[in-house]
>>> print(open('input.pdb').read())   # PDB, C-alpha atoms
ATOM      1  CA  MET F   1      -9.502  -2.040  25.793
ATOM      2  CA  ALA F   2     -12.980  -1.981  24.355
ATOM      3  CA  ALA F   3     -15.292  -4.368  22.560
ATOM      4  CA  PRO F   4     -16.657  -3.688  19.063
ATOM      5  CA  THR F   5     -19.315  -1.026  18.787
ATOM      6  CA  ALA F   6     -22.395  -2.865  17.518
ATOM      7  CA  ALA F   7     -23.661  -0.140  15.170
ATOM      8  CA  THR F   8     -20.366   0.514  13.374
ATOM      9  CA  GLY F   9     -18.361  -2.673  13.879
ATOM     10  CA  ARG F  10     -15.540  -0.396  15.058
ATOM     11  CA  GLN F  11     -13.152  -1.906  17.575
ATOM     12  CA  THR F  12     -10.967   0.275  19.796
ATOM     13  CA  ARG F  13      -8.011  -0.262  22.084
ATOM     14  CA  ARG F  14      -6.169   2.221  24.289
ATOM     15  CA  LEU F  15      -2.682   2.111  25.801
ATOM     16  CA  SER F  16      -1.527   4.577  28.452
ATOM     17  CA  PHE F  17       2.207   5.237  28.588
ATOM     18  CA  ASP F  18       2.046   6.686  32.107
ATOM     19  CA  GLY F  19       5.176   5.579  33.967
ATOM     20  CA  GLU F  20       6.257   3.215  31.194
ATOM     21  CA  SER F  21       9.728   2.925  29.691
ATOM     22  CA  GLY F  22      10.615   1.417  26.326
ATOM     23  CA  VAL F  23       7.491   2.965  24.847
ATOM     24  CA  VAL F  24       8.234   2.282  21.167
ATOM     25  CA  PRO F  25       8.525  -1.513  21.542
ATOM     26  CA  LEU F  26       5.609  -1.422  23.999
ATOM     27  CA  ALA F  27       3.467   0.385  21.402
ATOM     28  CA  ARG F  28       4.466  -2.072  18.660
ATOM     29  CA  ASP F  29       3.671  -5.098  20.860
ATOM     30  CA  PHE F  30       0.323  -3.589  21.876
ATOM     31  CA  THR F  31      -0.522  -2.883  18.230
ATOM     32  CA  ARG F  32       0.577  -6.355  17.128
ATOM     33  CA  GLN F  33      -1.746  -7.889  19.752
ATOM     34  CA  ALA F  34      -4.642  -5.744  18.500
ATOM     35  CA  LEU F  35      -3.945  -6.782  14.903
ATOM     36  CA  GLN F  36      -3.954 -10.431  15.961
ATOM     37  CA  ALA F  37      -7.252  -9.998  17.837
ATOM     38  CA  TRP F  38      -8.801  -8.287  14.805
ATOM     39  CA  GLY F  39      -7.634 -10.940  12.343
ATOM     40  CA  TRP F  40      -4.957  -8.903  10.542
ATOM     41  CA  LEU F  41      -2.271 -11.278  11.828
ATOM     42  CA  PRO F  42      -1.218 -13.901  11.073
ATOM     43  CA  SER F  43      -1.563 -12.861   7.460
ATOM     44  CA  ASP F  44      -2.790 -15.143   4.719
ATOM     45  CA  THR F  45      -1.286 -13.138   1.848
ATOM     46  CA  ALA F  46       1.706 -10.928   1.157
ATOM     47  CA  ASP F  47      -0.612  -7.911   0.805
ATOM     48  CA  GLN F  48      -2.155  -8.552   4.217
ATOM     49  CA  ARG F  49       1.300  -8.985   5.762
ATOM     50  CA  ALA F  50       2.467  -5.727   4.152
ATOM     51  CA  ALA F  51      -0.613  -3.873   5.473
ATOM     52  CA  ALA F  52       0.054  -5.088   9.019
ATOM     53  CA  GLU F  53       3.755  -4.147   8.763
ATOM     54  CA  ASP F  54       2.766  -0.668   7.537
ATOM     55  CA  VAL F  55       0.557  -0.226  10.618
ATOM     56  CA  LEU F  56       3.408  -1.282  12.921
ATOM     57  CA  LEU F  57       5.825   1.087  11.163
ATOM     58  CA  VAL F  58       3.441   4.049  11.432
ATOM     59  CA  VAL F  59       2.878   3.356  15.148
ATOM     60  CA  SER F  60       6.644   3.281  15.633
ATOM     61  CA  GLU F  61       7.101   6.574  13.786
ATOM     62  CA  LEU F  62       4.313   8.402  15.658
ATOM     63  CA  VAL F  63       5.489   7.212  19.088
ATOM     64  CA  THR F  64       9.139   7.919  18.252
ATOM     65  CA  ASN F  65       8.254  11.462  17.154
ATOM     66  CA  ALA F  66       6.429  12.021  20.454
ATOM     67  CA  CYS F  67       9.564  10.826  22.277
ATOM     68  CA  LEU F  68      11.945  13.000  20.269
ATOM     69  CA  HIS F  69       9.901  16.172  19.914
ATOM     70  CA  ALA F  70       7.191  16.238  22.595
ATOM     71  CA  GLU F  71       8.426  14.920  25.960
ATOM     72  CA  GLY F  72       7.067  11.460  25.188
ATOM     73  CA  PRO F  73       3.644  10.057  24.340
ATOM     74  CA  ASP F  74       0.718  10.002  26.770
ATOM     75  CA  GLU F  75      -1.599   7.522  25.046
ATOM     76  CA  LEU F  76      -2.021   5.383  21.959
ATOM     77  CA  TRP F  77      -5.524   4.748  20.603
ATOM     78  CA  ILE F  78      -6.108   2.185  17.863
ATOM     79  CA  SER F  79      -9.484   1.783  16.239
ATOM     80  CA  CYS F  80     -10.492  -0.381  13.335
ATOM     81  CA  ASP F  81     -13.558  -1.064  11.230
ATOM     82  CA  ARG F  82     -13.782  -3.134   8.065
ATOM     83  CA  LYS F  83     -12.150  -0.483   5.891
ATOM     84  CA  VAL F  84      -9.783   1.686   7.947
ATOM     85  CA  ILE F  85      -7.488   1.462  10.938
ATOM     86  CA  ARG F  86      -6.938   4.718  12.814
ATOM     87  CA  LEU F  87      -3.910   5.355  15.039
ATOM     88  CA  GLU F  88      -3.809   8.249  17.506
ATOM     89  CA  VAL F  89      -0.848   9.259  19.659
ATOM     90  CA  SER F  90      -1.373  12.024  22.196
ATOM     91  CA  ASP F  91       1.422  14.021  23.829
ATOM     92  CA  ARG F  92       1.997  17.300  25.676
ATOM     93  CA  GLY F  93       4.181  18.861  22.996
ATOM     94  CA  ALA F  94       3.578  22.211  21.361
ATOM     95  CA  GLY F  95       5.344  21.422  18.083
ATOM     96  CA  GLN F  96       3.655  20.803  14.764
ATOM     97  CA  PRO F  97       4.750  17.627  12.959
ATOM     98  CA  SER F  98       5.270  17.985   9.244
ATOM     99  CA  PRO F  99       6.835  15.783   6.586
ATOM    100  CA  ARG F 100      10.156  16.837   5.115
ATOM    101  CA  THR F 101      11.216  15.605   1.774
ATOM    102  CA  PRO F 102      14.351  13.651   2.647
ATOM    103  CA  HIS F 103      17.040  15.867   1.241
ATOM    104  CA  ARG F 104      19.859  13.689   2.487
ATOM    105  CA  ALA F 105      18.941  10.115   1.644
ATOM    106  CA  GLY F 106      20.858   7.576   3.665
ATOM    107  CA  ARG F 107      21.287   9.851   6.677
ATOM    108  CA  PRO F 108      19.325   9.120   9.842
ATOM    109  CA  GLY F 109      16.537  11.342  11.073
ATOM    110  CA  GLY F 110      13.933  13.579   9.531
ATOM    111  CA  HIS F 111      12.048  10.881   7.628
ATOM    112  CA  GLY F 112       9.311   9.882  10.098
ATOM    113  CA  MET F 113       6.408  12.052   8.980
ATOM    114  CA  PHE F 114       7.426  11.602   5.344
ATOM    115  CA  ILE F 115       6.990   7.844   5.885
ATOM    116  CA  VAL F 116       3.646   8.407   7.627
ATOM    117  CA  GLN F 117       2.443  10.586   4.752
ATOM    118  CA  ARG F 118       3.484   8.010   2.143
ATOM    119  CA  LEU F 119       1.909   4.991   3.885
ATOM    120  CA  CYS F 120      -1.340   6.504   5.132
ATOM    121  CA  LEU F 121      -4.639   7.399   3.514
ATOM    122  CA  ASP F 122      -4.595  10.584   5.606
ATOM    123  CA  TRP F 123      -3.096  12.011   8.773
ATOM    124  CA  GLY F 124      -3.362  15.149  10.857
ATOM    125  CA  VAL F 125      -3.083  16.892  14.192
ATOM    126  CA  VAL F 126      -5.875  17.704  16.634
ATOM    127  CA  ARG F 127      -5.518  20.238  19.425
ATOM    128  CA  SER F 128      -8.086  20.964  22.126
ATOM    129  CA  PRO F 129      -8.501  24.607  23.165
ATOM    130  CA  GLY F 130      -7.071  25.292  26.601
ATOM    131  CA  VAL F 131      -5.306  21.914  26.781
ATOM    132  CA  THR F 132      -1.545  21.502  26.451
ATOM    133  CA  GLY F 133      -0.455  19.081  23.786
ATOM    134  CA  LYS F 134      -1.967  17.450  20.745
ATOM    135  CA  THR F 135      -3.067  14.208  19.165
ATOM    136  CA  VAL F 136      -1.397  13.094  15.955
ATOM    137  CA  TRP F 137      -3.601  10.684  14.012
ATOM    138  CA  ALA F 138      -3.097   8.548  10.938
ATOM    139  CA  GLU F 139      -5.408   6.274   8.950
ATOM    140  CA  LEU F 140      -4.448   3.266   6.876
ATOM    141  CA  ALA F 141      -6.579   1.035   4.665
ATOM    142  CA  ALA F 142      -7.563  -2.356   6.026
ATOM    143  CA  PRO F 143      -6.115  -5.244   4.026
ATOM    144  CA  ALA F 144      -8.261  -6.626   1.238
TER
END
>>> encode(input="input.pdb", output="structure tokens")
Amino acid sequence: MAAPTAATGRQTRRLSFDGESGVVPLARDFTRQALQAWGWLPSDTADQRAAAEDVLLVVSELVTNACLHAEGPDELWISCDRKVIRLEVSDRGAGQPSPRTPHRAGRPGGHGMFIVQRLCLDWGVVRSPGVTGKTVWAELAAPA
């Protein structure tokens, strides 16, 4: 966990999943604690509450995808400034996440990246040459 960077006002927290079980609830709890520390929670308005819930949902989706498609997540990074919160989940998987338009509404599965795409300002995948795995990142607007 890190303190705010003076020049940018950006605050960052990191969670390693090494040896952990129950990683999705662990990631949500970690994120909820960060949101509380940064003043997103408890929320004063419905819009602020919705923004915090969107962040928790996106964290859940990114970590779940790493569990289902990439042998589990390695780390979660959360960073926040006054305008944007950025979520990053790294894993050792070779796959490429992509949203699918839900063609079978009401059936489980296949909606995670579609949800991420709909809730986020932007998202993407970063790979480092010569390193196995990837980092999937997503950015959401800070509440007004």
>>> atom_distance(input="input.pdb", atom1="CA of Val23 (chain F)", atom2="CA of Ala70 (chain F)")
13.5 Å
>>> atom_distance(input="input.pdb", atom1="CA of Pro108 (chain F)", atom2="CA of Thr64 (chain F)")
13.3 Å
>>> resolve_selection(input="input.pdb", expression="the PyMOL selection byres ((chain F and resi 98) around 8)", output="list of chain:residue names")
F:Gln96, F:Pro97, F:Pro99, F:Arg100, F:Met113, F:Phe114
>>> atom_distance(input="input.pdb", atom1="CA of Glu61 (chain F)", atom2="CA of Arg92 (chain F)")
16.8 Å
>>> resolve_selection(input="input.pdb", expression="the PyMOL selection byres ((chain F and resi 54) around 12)", output="PyMOL selection string")
chain F and resi 28+31-32+35+40+47-53+55-61+85+87+115-121+138-143
>>> write_last_selection(input="input.pdb", atoms="C-alpha atoms", output="short mmCIF file (atom, residue, chain, number, x, y, z; two decimals), keeping the file's coordinate frame")
data_model
loop_
_atom_site.label_atom_id
_atom_site.label_comp_id
_atom_site.auth_asym_id
_atom_site.auth_seq_id
_atom_site.Cartn_x
_atom_site.Cartn_y
_atom_site.Cartn_z
CA ARG F 28 4.47 -2.07 18.66
CA THR F 31 -0.52 -2.88 18.23
CA ARG F 32 0.58 -6.36 17.13
CA LEU F 35 -3.94 -6.78 14.90
CA TRP F 40 -4.96 -8.90 10.54
CA ASP F 47 -0.61 -7.91 0.80
CA GLN F 48 -2.15 -8.55 4.22
CA ARG F 49 1.30 -8.98 5.76
CA ALA F 50 2.47 -5.73 4.15
CA ALA F 51 -0.61 -3.87 5.47
CA ALA F 52 0.05 -5.09 9.02
CA GLU F 53 3.76 -4.15 8.76
CA VAL F 55 0.56 -0.23 10.62
CA LEU F 56 3.41 -1.28 12.92
CA LEU F 57 5.82 1.09 11.16
CA VAL F 58 3.44 4.05 11.43
CA VAL F 59 2.88 3.36 15.15
CA SER F 60 6.64 3.28 15.63
CA GLU F 61 7.10 6.57 13.79
CA ILE F 85 -7.49 1.46 10.94
CA LEU F 87 -3.91 5.36 15.04
CA ILE F 115 6.99 7.84 5.88
CA VAL F 116 3.65 8.41 7.63
CA GLN F 117 2.44 10.59 4.75
CA ARG F 118 3.48 8.01 2.14
CA LEU F 119 1.91 4.99 3.88
CA CYS F 120 -1.34 6.50 5.13
CA LEU F 121 -4.64 7.40 3.51
CA ALA F 138 -3.10 8.55 10.94
CA GLU F 139 -5.41 6.27 8.95
CA LEU F 140 -4.45 3.27 6.88
CA ALA F 141 -6.58 1.03 4.66
CA ALA F 142 -7.56 -2.36 6.03
CA PRO F 143 -6.12 -5.24 4.03
#
>>> resolve_selection(input="input.pdb", expression="the PyMOL selection byres ((chain F and resi 127-132) around 9)", output="number ranges by chain")
F: 91-94, 125-126, 133-136
>>> closest_residue(input="input.pdb", among="F:Asp81, F:Glu71, F:Asp29, F:Asp44", to="Gly9 (chain F)", atoms="only C-alpha atoms")
F:Asp81
>>> closest_residue(input="input.pdb", among="F:Val24, F:Ala37, F:Leu76, F:Ala66", to="Gln11 (chain F)", atoms="all atoms listed in the file")
F:Ala37
>>> residues_near_point(input="input.pdb", point="(-9.7, -3.7, 22.5)", cutoff="12 Å", atoms="only C-alpha atoms", output="list in words")
Met1, Ala2, Ala3, Pro4, Thr5, Arg10, Gln11, Thr12, Arg13, Arg14, Leu15, Phe30, Thr31, Arg32, Gln33, Ala34, Leu35, Gln36, Ala37, Trp38, Leu76, Trp77, Ile78, Ser79 and Cys80 of chain F
